[in-house]
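The data block below is coords-v2.txt; it holds compact mmCIF, C-alpha atoms.
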```txt
# COMPACT_ATOMS: atom_id res chain seq x y z
CA MET A 137 107.74 117.76 94.96
CA GLU A 138 104.68 119.46 93.57
CA ILE A 139 101.90 117.21 92.36
CA ALA A 140 99.32 119.72 91.19
CA THR A 141 99.16 123.49 90.83
CA ASP A 142 96.22 125.83 90.92
CA THR A 143 96.50 129.33 92.35
CA SER A 144 92.92 129.15 93.64
CA ALA A 145 93.32 125.66 95.08
CA LEU A 146 93.46 124.47 98.63
CA SER A 147 97.08 124.23 99.75
CA ILE A 148 98.02 120.87 101.32
CA TRP A 149 101.44 119.96 102.68
CA VAL A 150 102.31 116.31 103.22
CA VAL A 151 105.13 115.94 105.74
CA SER A 152 106.92 112.65 106.43
CA ASP A 153 110.35 111.13 107.00
CA GLY A 154 110.31 109.88 103.41
CA ARG A 155 109.66 106.21 104.13
CA ALA A 156 107.25 105.05 101.44
CA GLY A 157 104.88 103.18 103.74
CA MET A 158 104.51 106.20 106.01
CA GLU A 159 104.45 108.87 103.33
CA ASN A 160 101.80 107.05 101.32
CA GLN A 161 99.39 107.28 104.26
CA ALA A 162 99.55 111.08 104.36
CA LEU A 163 99.77 111.38 100.58
CA GLY A 164 96.76 109.12 100.12
CA LEU A 165 94.75 111.32 102.46
CA ALA A 166 95.86 114.43 100.57
CA GLU A 167 94.92 112.88 97.24
CA ALA A 168 91.49 111.95 98.62
CA LEU A 169 91.02 115.61 99.54
CA GLN A 170 92.17 116.59 96.07
CA ARG A 171 89.48 114.39 94.54
CA LEU A 172 86.87 116.33 96.53
CA LEU A 173 88.24 119.87 96.21
CA PRO A 174 90.75 121.55 93.88
CA SER A 175 94.02 121.24 95.77
CA GLU A 176 97.75 121.78 95.42
CA ILE A 177 99.79 119.08 97.14
CA VAL A 178 103.39 119.64 98.18
CA VAL A 179 105.44 116.85 99.75
CA LYS A 180 108.00 117.70 102.44
CA ARG A 181 110.51 115.10 103.62
CA VAL A 182 112.22 115.74 106.92
CA ARG A 183 114.85 114.04 109.05
CA TRP A 184 116.72 114.92 112.23
CA ARG A 185 120.48 115.13 112.61
CA ALA A 186 122.18 112.02 113.98
CA GLY A 187 122.13 112.27 117.74
CA PHE A 188 118.93 114.31 117.85
CA ASP A 189 116.58 111.79 116.25
CA LYS A 190 116.25 109.76 119.45
CA LEU A 191 115.40 112.79 121.58
CA PRO A 192 111.84 113.01 122.94
CA SER A 193 109.61 115.11 120.68
CA ALA A 194 109.25 117.73 123.43
CA LEU A 195 112.99 118.50 123.29
CA LYS A 196 113.37 118.86 119.53
CA ALA A 197 113.90 122.22 117.84
CA GLU A 198 113.93 123.20 114.18
CA TRP A 199 117.71 123.78 114.17
CA MET A 200 118.20 120.07 114.93
CA LEU A 201 116.91 119.06 111.48
CA ASP A 202 119.39 117.49 109.09
CA PRO A 203 120.66 119.87 106.38
CA SER A 204 119.30 117.48 103.75
CA ALA A 205 115.74 117.85 105.07
CA ASP A 206 113.20 119.94 103.21
CA ALA A 207 112.39 123.26 104.87
CA PRO A 208 109.29 122.32 106.88
CA PHE A 209 107.88 125.84 107.25
CA PRO A 210 107.22 128.75 104.88
CA LYS A 211 110.00 131.23 104.28
CA ALA A 212 109.46 134.90 105.07
CA GLY A 213 106.65 136.26 102.94
CA GLU A 214 105.35 132.82 101.93
CA ASP A 215 101.91 131.56 102.88
CA TRP A 216 101.18 128.80 105.34
CA PRO A 217 99.31 125.83 103.86
CA ASP A 218 95.61 125.42 104.48
CA ILE A 219 96.16 121.82 105.58
CA TRP A 220 99.23 120.13 107.02
CA ILE A 221 99.20 116.30 107.06
CA GLY A 222 102.02 114.82 109.10
CA THR A 223 102.81 111.18 109.54
CA GLY A 224 105.33 109.38 111.69
CA ARG A 225 107.28 110.15 114.84
CA ALA A 226 109.75 112.47 113.10
CA THR A 227 106.99 114.93 112.22
CA LEU A 228 105.27 115.20 115.60
CA PRO A 229 107.06 118.29 116.99
CA LEU A 230 107.00 119.96 113.57
CA SER A 231 103.24 119.45 113.28
CA LEU A 232 102.61 121.24 116.58
CA MET A 233 105.11 123.97 115.66
CA ALA A 234 103.14 124.51 112.45
CA LYS A 235 99.88 124.72 114.36
CA ARG A 236 101.31 127.32 116.72
CA ARG A 237 103.34 129.38 114.25
CA SER A 238 100.60 129.58 111.63
CA GLY A 239 98.36 131.33 114.15
CA GLY A 240 95.40 129.14 113.26
CA LYS A 241 95.83 129.52 109.50
CA THR A 242 96.84 125.86 109.08
CA PHE A 243 94.60 122.90 109.94
CA VAL A 244 97.00 120.26 111.29
CA VAL A 245 96.24 116.57 110.73
CA GLN A 246 98.36 113.74 112.08
CA THR A 247 97.97 110.15 110.91
CA GLN A 248 98.50 107.19 113.26
CA ASP A 249 98.53 107.37 117.05
CA PRO A 250 100.93 110.20 118.02
CA ARG A 251 101.38 108.88 121.57
CA TRP A 252 102.40 112.42 122.48
CA ARG A 253 100.09 115.40 123.08
CA THR A 254 97.38 113.58 121.16
CA GLY A 255 94.71 116.17 121.97
CA ASP A 256 96.72 119.11 120.57
CA TYR A 257 96.40 118.34 116.85
CA ASP A 258 93.36 119.61 114.98
CA LEU A 259 92.59 116.06 113.89
CA VAL A 260 94.24 112.67 114.38
CA VAL A 261 93.32 110.04 111.79
CA ALA A 262 94.18 106.81 113.60
CA PRO A 263 93.60 103.13 112.90
CA ARG A 264 90.70 101.81 114.94
CA HIS A 265 92.93 98.96 116.09
CA ASP A 266 95.14 101.50 117.91
CA GLY A 267 92.25 101.97 120.34
CA ILE A 268 92.61 105.71 121.00
CA GLU A 269 89.66 108.01 121.63
CA GLY A 270 89.06 111.74 121.91
CA ALA A 271 87.17 114.70 120.48
CA ASN A 272 89.84 115.21 117.81
CA ILE A 273 90.26 111.49 116.97
CA LEU A 274 88.84 109.94 113.80
CA SER A 275 89.14 106.16 113.95
CA ILE A 276 89.24 104.31 110.64
CA THR A 277 89.63 100.68 109.64
CA GLY A 278 93.29 100.28 108.71
CA SER A 279 95.36 103.26 107.61
CA PRO A 280 94.90 105.92 104.91
CA HIS A 281 96.29 104.85 101.53
CA ARG A 282 96.59 105.92 97.89
CA ILE A 283 94.37 103.23 96.36
CA SER A 284 91.45 104.47 94.25
CA PRO A 285 89.69 103.03 91.18
CA ALA A 286 91.43 105.59 88.97
CA ARG A 287 94.86 104.82 90.40
CA LEU A 288 94.31 101.07 89.99
CA ALA A 289 93.25 101.56 86.38
CA GLU A 290 96.29 103.75 85.77
CA GLY A 291 98.58 101.11 87.25
CA ALA A 292 96.90 98.38 85.24
CA ALA A 293 97.50 100.17 81.94
CA GLY A 294 101.15 99.16 81.90
CA PHE A 295 100.32 95.46 82.20
CA VAL A 296 97.43 95.01 79.78
CA ASP A 297 99.52 92.70 77.60
CA VAL A 298 100.70 90.58 80.53
CA LEU A 299 97.98 90.08 83.12
CA PRO A 300 94.56 89.94 81.33
CA PRO A 301 95.52 86.75 79.39
CA LEU A 302 96.12 84.91 82.69
CA SER A 303 93.57 82.29 83.62
CA HIS A 304 90.88 82.96 86.21
CA PRO A 305 90.85 83.01 89.12
CA ARG A 306 93.79 85.40 89.20
CA VAL A 307 95.27 85.35 92.69
CA ALA A 308 97.28 88.34 93.93
CA VAL A 309 99.65 87.29 96.72
CA LEU A 310 101.14 90.13 98.78
CA ILE A 311 103.97 88.95 101.02
CA GLY A 312 105.35 91.04 103.86
CA GLY A 313 108.18 90.01 106.12
CA LYS A 314 110.04 90.47 109.35
CA SER A 315 108.68 93.09 111.74
CA ARG A 316 108.52 93.72 115.48
CA ALA A 317 105.61 91.29 115.87
CA HIS A 318 106.00 88.83 112.99
CA ASP A 319 108.58 86.80 111.13
CA LEU A 320 108.62 84.68 107.99
CA PRO A 321 111.14 81.84 108.43
CA ASP A 322 111.94 79.88 105.31
CA ALA A 323 110.19 76.72 106.57
CA HIS A 324 106.99 78.67 107.23
CA ALA A 325 107.31 80.42 103.87
CA ALA A 326 107.65 77.04 102.15
CA ALA A 327 104.53 75.74 103.91
CA LEU A 328 102.57 78.84 102.86
CA ALA A 329 103.77 78.45 99.29
CA GLU A 330 102.64 74.82 99.24
CA GLN A 331 99.19 75.82 100.48
CA ILE A 332 98.92 78.70 97.98
CA ALA A 333 100.06 76.50 95.09
CA GLY A 334 97.54 73.83 96.01
CA ALA A 335 94.68 76.33 96.02
CA ILE A 336 95.64 77.86 92.66
CA GLU A 337 96.24 74.49 91.01
CA ALA A 338 92.91 73.15 92.27
CA ALA A 339 91.09 76.17 90.86
CA GLY A 340 92.98 76.19 87.57
CA GLY A 341 93.98 79.78 88.23
CA SER A 342 97.08 81.92 87.99
CA LEU A 343 99.47 83.70 90.34
CA MET A 344 100.43 87.37 90.71
CA LEU A 345 103.03 87.57 93.50
CA THR A 346 104.98 90.46 94.97
CA TYR A 347 107.30 90.61 97.96
CA SER A 348 108.00 93.56 100.22
CA ARG A 349 111.35 95.07 101.13
CA ARG A 350 111.02 93.28 104.49
CA THR A 351 110.70 89.78 103.04
CA PRO A 352 113.74 87.70 104.08
CA GLU A 353 115.76 86.39 101.15
CA ALA A 354 115.46 82.80 102.40
CA ALA A 355 111.68 83.13 102.50
CA LYS A 356 111.65 84.55 98.96
CA ALA A 357 113.72 81.66 97.70
CA ALA A 358 111.50 79.09 99.42
CA MET A 359 108.29 80.57 98.05
CA THR A 360 109.58 81.28 94.57
CA GLY A 361 110.97 77.77 94.26
CA ARG A 362 107.53 76.27 94.82
CA LEU A 363 105.45 78.84 92.94
CA VAL A 364 107.59 79.73 89.93
CA HIS A 365 106.08 76.94 87.81
CA LEU A 366 102.53 78.26 88.17
CA PRO A 367 101.12 80.38 85.35
CA GLY A 368 101.39 84.05 86.18
CA LEU A 369 103.93 86.62 87.27
CA ILE A 370 106.32 86.79 90.23
CA TRP A 371 107.72 90.30 90.40
CA ASP A 372 111.48 90.26 90.98
CA GLY A 373 111.76 93.94 91.82
CA THR A 374 112.92 95.04 88.39
CA GLY A 375 110.94 97.13 85.92
CA ALA A 376 107.60 98.77 86.63
CA ASN A 377 105.97 97.85 89.93
CA PRO A 378 102.84 95.76 89.18
CA TYR A 379 101.30 96.20 92.66
CA PHE A 380 98.37 98.37 91.53
CA ALA A 381 97.89 96.19 88.45
CA PHE A 382 97.77 93.08 90.62
CA LEU A 383 95.02 94.59 92.76
CA HIS A 384 93.13 95.71 89.64
CA PHE A 385 93.18 92.35 87.85
CA ALA A 386 92.91 90.03 90.87
CA ASP A 387 89.91 87.84 91.61
CA HIS A 388 91.31 87.00 95.06
CA ILE A 389 93.88 88.79 97.22
CA LEU A 390 96.07 86.94 99.71
CA VAL A 391 97.96 89.17 102.15
CA THR A 392 100.23 88.29 105.06
CA GLU A 393 98.97 89.30 108.47
CA ASP A 394 101.93 91.57 109.29
CA SER A 395 100.85 94.58 107.22
CA ALA A 396 97.94 96.82 108.15
CA ASN A 397 98.63 98.91 105.04
CA MET A 398 98.36 96.04 102.57
CA ALA A 399 95.22 94.72 104.25
CA ALA A 400 93.54 98.14 104.09
CA GLU A 401 94.55 98.60 100.46
CA ALA A 402 93.23 95.16 99.52
CA ALA A 403 89.98 95.94 101.35
CA SER A 404 89.39 98.94 99.09
CA THR A 405 88.97 96.69 96.03
CA GLY A 406 85.80 94.84 97.04
CA LYS A 407 87.52 91.52 96.29
CA PRO A 408 87.87 88.60 98.73
CA VAL A 409 90.83 89.22 101.05
CA HIS A 410 92.45 86.10 102.52
CA ILE A 411 94.80 86.62 105.49
CA LEU A 412 97.98 84.52 105.45
CA PRO A 413 99.35 83.57 108.87
CA MET A 414 102.93 84.35 109.89
CA VAL A 415 105.07 83.40 112.87
CA ALA A 416 104.37 85.67 115.85
CA THR A 417 107.48 86.92 117.64
CA ARG A 418 105.59 88.97 120.23
CA PRO A 419 101.94 89.66 121.09
CA ALA A 420 100.22 91.27 118.11
CA ASP A 421 96.94 92.44 119.62
CA LYS A 422 96.63 95.41 117.24
CA PHE A 423 96.79 93.18 114.20
CA ALA A 424 94.29 90.79 115.76
CA ARG A 425 91.90 93.72 116.29
CA LEU A 426 92.39 94.88 112.69
CA HIS A 427 91.69 91.45 111.25
CA ARG A 428 88.64 91.05 113.49
CA ASP A 429 87.40 94.43 112.25
CA LEU A 430 87.89 93.33 108.63
CA ARG A 431 86.11 90.03 109.30
CA ASP A 432 83.21 91.82 111.00
CA ARG A 433 82.85 94.07 107.94
CA GLY A 434 82.76 91.07 105.62
CA VAL A 435 86.06 91.94 103.97
CA ALA A 436 88.59 89.32 105.07
CA ARG A 437 88.82 85.72 106.23
CA PRO A 438 91.75 83.56 107.31
CA PHE A 439 93.23 81.62 104.40
CA ASP A 440 92.37 77.95 104.81
CA GLY A 441 93.80 76.64 101.56
CA ARG A 442 90.66 77.32 99.53
CA LEU A 443 89.81 80.21 97.21
CA GLU A 444 86.35 80.87 98.53
CA SER A 445 84.50 83.84 97.00
CA TRP A 446 82.36 86.49 98.70
CA THR A 447 81.35 90.10 98.10
CA TYR A 448 81.29 93.28 100.18
CA GLU A 449 81.12 97.01 99.68
CA PRO A 450 84.68 98.23 99.03
CA LEU A 451 86.05 100.13 102.00
CA ASN A 452 86.79 103.80 101.42
CA GLU A 453 88.07 104.85 104.81
CA THR A 454 90.55 107.30 103.29
CA GLY A 455 87.69 109.09 101.53
CA ARG A 456 85.70 109.13 104.76
CA ALA A 457 88.64 110.75 106.54
CA ALA A 458 88.96 113.35 103.77
CA ARG A 459 85.28 114.25 104.08
CA ALA A 460 85.69 114.59 107.86
CA ILE A 461 88.55 117.05 107.33
CA ILE A 462 86.48 119.15 104.95
CA LYS A 463 83.55 119.14 107.36
CA ARG A 464 85.79 120.41 110.16
CA LEU A 465 87.31 123.05 107.92
CA GLN A 466 83.87 124.29 106.94
CA ALA A 467 82.81 124.35 110.59
```
Kindly present the structure from the file in C-alpha cells form.
Amino acid sequence: MEIATDTSALSIWVVSDGRAGMENQALGLAEALQRLLPSEIVVKRVRWRAGFDKLPSALKAEWMLDPSADAPFPKAGEDWPDIWIGTGRATLPLSLMAKRRSGGKTFVVQTQDPRWRTGDYDLVVAPRHDGIEGANILSITGSPHRISPARLAEGAAGFVDVLPPLSHPRVAVLIGGKSRAHDLPDAHAAALAEQIAGAIEAAGGSLMLTYSRRTPEAAKAAMTGRLVHLPGLIWDGTGANPYFAFLHFADHILVTEDSANMAAEAASTGKPVHILPMVATRPADKFARLHRDLRDRGVARPFDGRLESWTYEPLNETGRAARAIIKRLQA
C-alpha cells in the first residue's frame, strides 16, 4: 500500500502484522517523518505460517512466512528502503535480517520493547513505562501514533453537520475492554456509565462515545442503556469512524485505563484527559507508570465524577521520535 510517491523522497517501509493498533504506531512514526522530510511510505504486512508463529524469533527464517504475507525484502535489482520501521513480535527477526542484508543501507527502527536483542536495532522507540534503557533506546511517553492537527481536522470534516451543534462541554468517551491486565464487567461498566452521565448532566454537556473491538458486549449494553438518552452520538460501528472527529471537537476526553495508545493520542490534543478505572485482573505496573507520567506532565487526572478543566502543552512524542531518527541519520 503506497501512501505517497516521490522519486527523490526518503524511502520508508512500515512493517507490521497488520493489526491496526500495532501498525498505527509504526505508520504514525513514518507519517511524522514525512511531515519533516519528503518521504515515500510503503506498508508491508507480514505473518508466519501456522506452527512457526510461536517459534522463538532466533529460529525463524524467511521461508516460514505465510504465502499471504507481503514480501518483506526487496526483489533482485530493487533498492532497500532508507528507513525500516517494524512493530510487534512478528517483525523482530525480519527487522534484524533487513539490517544485516541491506549492508547498512537501511536504518532499522523498532517500536515497543523488543525483549530480544534489544541493542542490535539502530533505534528502539519504546514507551517510557516499559522501563528499558540503552544507547539505542529512545523513551517516549506512551506510544507513537497517527494523531496530528491536520489529521484531526481531516477526520472532523465528515462530521461538521453532526458534532458542532452539540452543547458544550462536549465529552469524548473512549472505552477499551478486556485485556491481559484489565476487564470491564457489565456491573463495573454500568457504574462508570452512571458516573459519566452524572457529570455530563450536571455540566449541561453532550456525549461522544466510542467502543473498541475489545469492549465486551455486556459492557456495551450496560453503558449504552444508561447513556443513550444524553444528547450526542454513540458510535455503533457502522458508517465513518468518528474517532478523530471526537478528539477534534471534544472539550474533555475520558479514556479507560487499559489503553496506552488511546491515552497517548488523547494527550496530543492539549485537552483535559480523565482516566476511567477498570477492573484489574493482574498487576498493571506499566499502566500505573504511564498514568503517573501523564499526571506529572499535567496531562491526565483520575476521573472523579467531575469535568474539571485544565491546560497543558499538547504532547508530540511521535514528532520528537521522528526528529531523533533524522538526527541519527544525519550523524
Please provide the set of residues having any atom within 12 Å of range 320-322 of chain A, restricted to only C-alpha atoms, with same-chain residues fewer than 6 positions apart removed, written as an mmCIF file with C-alpha atoms, in the coordinates of the input.
```cif
data_model
loop_
_atom_site.group_PDB
_atom_site.id
_atom_site.type_symbol
_atom_site.label_atom_id
_atom_site.label_comp_id
_atom_site.auth_asym_id
_atom_site.auth_seq_id
_atom_site.Cartn_x
_atom_site.Cartn_y
_atom_site.Cartn_z
ATOM 1 C CA ILE A 311 103.970 88.950 101.020
ATOM 2 C CA GLY A 312 105.350 91.040 103.860
ATOM 3 C CA GLY A 313 108.180 90.010 106.120
ATOM 4 C CA LYS A 314 110.040 90.470 109.350
ATOM 5 C CA LEU A 328 102.570 78.840 102.860
ATOM 6 C CA ALA A 329 103.770 78.450 99.290
ATOM 7 C CA TYR A 347 107.300 90.610 97.960
ATOM 8 C CA SER A 348 108.000 93.560 100.220
ATOM 9 C CA ARG A 350 111.020 93.280 104.490
ATOM 10 C CA THR A 351 110.700 89.780 103.040
ATOM 11 C CA PRO A 352 113.740 87.700 104.080
ATOM 12 C CA GLU A 353 115.760 86.390 101.150
ATOM 13 C CA ALA A 354 115.460 82.800 102.400
ATOM 14 C CA ALA A 355 111.680 83.130 102.500
ATOM 15 C CA LYS A 356 111.650 84.550 98.960
ATOM 16 C CA ALA A 357 113.720 81.660 97.700
ATOM 17 C CA ALA A 358 111.500 79.090 99.420
ATOM 18 C CA MET A 359 108.290 80.570 98.050
ATOM 19 C CA THR A 360 109.580 81.280 94.570
ATOM 20 C CA GLY A 361 110.970 77.770 94.260
ATOM 21 C CA ARG A 362 107.530 76.270 94.820
ATOM 22 C CA THR A 392 100.230 88.290 105.060
ATOM 23 C CA GLU A 393 98.970 89.300 108.470
ATOM 24 C CA ASP A 394 101.930 91.570 109.290
ATOM 25 C CA LEU A 412 97.980 84.520 105.450
ATOM 26 C CA PRO A 413 99.350 83.570 108.870
ATOM 27 C CA MET A 414 102.930 84.350 109.890
ATOM 28 C CA VAL A 415 105.070 83.400 112.870
ATOM 29 C CA ALA A 416 104.370 85.670 115.850
ATOM 30 C CA THR A 417 107.480 86.920 117.640
#
```
Atomic distance CA of Gly222 in chain A - CA of Val151 in chain A, expressed in Å with one decimal: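 For CA of Gly222 in chain A relative to CA of Val151 in chain A, the distance reads 4.7 Å.
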Select all residues near (80.0, 91.7, 104.8) (cut-off 10 Å, inclusive, file coordinates), counting all atoms listed in the file, and output them as a compact mmCIF listing (two decimals) with C-alpha atoms, in the coordinates of the input.
```txt
# COMPACT_ATOMS: atom_id res chain seq x y z
CA LEU A 430 87.89 93.33 108.63
CA ARG A 431 86.11 90.03 109.30
CA ASP A 432 83.21 91.82 111.00
CA ARG A 433 82.85 94.07 107.94
CA GLY A 434 82.76 91.07 105.62
CA VAL A 435 86.06 91.94 103.97
CA ALA A 436 88.59 89.32 105.07
CA TRP A 446 82.36 86.49 98.70
CA THR A 447 81.35 90.10 98.10
CA TYR A 448 81.29 93.28 100.18
CA GLU A 449 81.12 97.01 99.68
CA PRO A 450 84.68 98.23 99.03
```
Can you list, as a PDB file with C-alpha atoms, in the frame of the given file, every protein, DNA or RNA residue that comes within 9 Å of range 229-237 of chain A when you count only C-alpha atoms, leaving out same-chain residues fewer than 4 positions away?
```pdb
ATOM      1  CA  VAL A 151     105.130 115.940 105.740  1.00  0.00           C
ATOM      2  CA  SER A 193     109.610 115.110 120.680  1.00  0.00           C
ATOM      3  CA  ALA A 194     109.250 117.730 123.430  1.00  0.00           C
ATOM      4  CA  LEU A 195     112.990 118.500 123.290  1.00  0.00           C
ATOM      5  CA  LYS A 196     113.370 118.860 119.530  1.00  0.00           C
ATOM      6  CA  ALA A 197     113.900 122.220 117.840  1.00  0.00           C
ATOM      7  CA  GLU A 198     113.930 123.200 114.180  1.00  0.00           C
ATOM      8  CA  PRO A 208     109.290 122.320 106.880  1.00  0.00           C
ATOM      9  CA  PHE A 209     107.880 125.840 107.250  1.00  0.00           C
ATOM     10  CA  TRP A 216     101.180 128.800 105.340  1.00  0.00           C
ATOM     11  CA  TRP A 220      99.230 120.130 107.020  1.00  0.00           C
ATOM     12  CA  ILE A 221      99.200 116.300 107.060  1.00  0.00           C
ATOM     13  CA  GLY A 222     102.020 114.820 109.100  1.00  0.00           C
ATOM     14  CA  ARG A 225     107.280 110.150 114.840  1.00  0.00           C
ATOM     15  CA  LYS A 241      95.830 129.520 109.500  1.00  0.00           C
ATOM     16  CA  THR A 242      96.840 125.860 109.080  1.00  0.00           C
ATOM     17  CA  PHE A 243      94.600 122.900 109.940  1.00  0.00           C
ATOM     18  CA  VAL A 244      97.000 120.260 111.290  1.00  0.00           C
ATOM     19  CA  VAL A 245      96.240 116.570 110.730  1.00  0.00           C
ATOM     20  CA  GLN A 246      98.360 113.740 112.080  1.00  0.00           C
ATOM     21  CA  ASP A 256      96.720 119.110 120.570  1.00  0.00           C
ATOM     22  CA  TYR A 257      96.400 118.340 116.850  1.00  0.00           C
ATOM     23  CA  ASP A 258      93.360 119.610 114.980  1.00  0.00           C
TER      24      ASP A 258
END
```
Using only C-alpha atoms, which residues sit within 8 Å of Gly340 in chain A once same-chain residues fewer than 5 positions away are excluded, as number ranges by chain? A: 303-305
Å distance separating CA of Asp202 in chain A from CA of Ser279 in chain A, one decimal place: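 Separation between CA of Asp202 in chain A and CA of Ser279 in chain A: 28.0 Å.
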Contacts of Leu146 in chain A within 10 Å, all atoms listed in the file, excl. fewer than 4 positions in-chain, as a VMD selection string: chain A and resid 141 to 142 169 to 170 173 to 177 217 to 219
Enclose all atoms of range 156-162 of chain A listed in the file in an axis-aligned box, grow every side by 5 Å, and hand back centre and edge lengths in Å to one decimal, as JSON.
```
{"center_x": 103.3, "center_y": 107.1, "center_z": 103.7, "size_x": 17.9, "size_y": 17.9, "size_z": 14.7}
```
Between CA of Pro192 in chain A and CA of His265 in chain A, what is the spacing in Å?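 Computing the Euclidean distance for CA of His265 in chain A and CA of Pro192 in chain A yields 24.5 Å.
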Please list as a list in words every residue within 9 Å of Leu426 in chain A, counting all atoms listed in the file and excluding residues in the same chain fewer than 6 positions away. Pro263, Arg264, His265, Asp266, Thr277, Gly278, Ala396 and Ala399 of chain A
Among A:Met398, A:Ile389, A:Leu369, A:Leu163, Glu444 in chain A is approached most closely, using only C-alpha atoms, by A:Ile389
Pick the closest to Glu159 in chain A from A:Thr223, A:Ser445, A:Asn397, A:Ser342: which is it, counting all atoms listed in the file?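 Answer, going by the shortest atom-to-atom distance: A:Thr223.
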For Ile370 in chain A, which residue out of A:Val307, A:Glu337, A:Ile276, A:Val391 is the nearest one, using only C-alpha atoms?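 With only C-alpha atoms as the atom set, the closest residue is A:Val307.
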Looking at all atoms listed in the file, which of A:Phe385, A:Asp372, A:Leu451, A:Gly164 is the one that sits closest to Gly406 in chain A?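 Ranking A:Phe385, A:Asp372, A:Leu451, A:Gly164 by distance to Gly406 in chain A, first place goes to A:Leu451.
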Go through A:Ala400, A:Ala457, A:Ile462, A:Leu165 one by one, measure the shortest atom-to-atom distance of each to Arg282 in chain A using all atoms listed in the file, and give the residue with the smallest value. A:Leu165
Counting all atoms listed in the file, the option among A:Pro408, A:Gly291, A:Gly368, A:Pro285 closest to Arg437 in chain A: A:Pro408
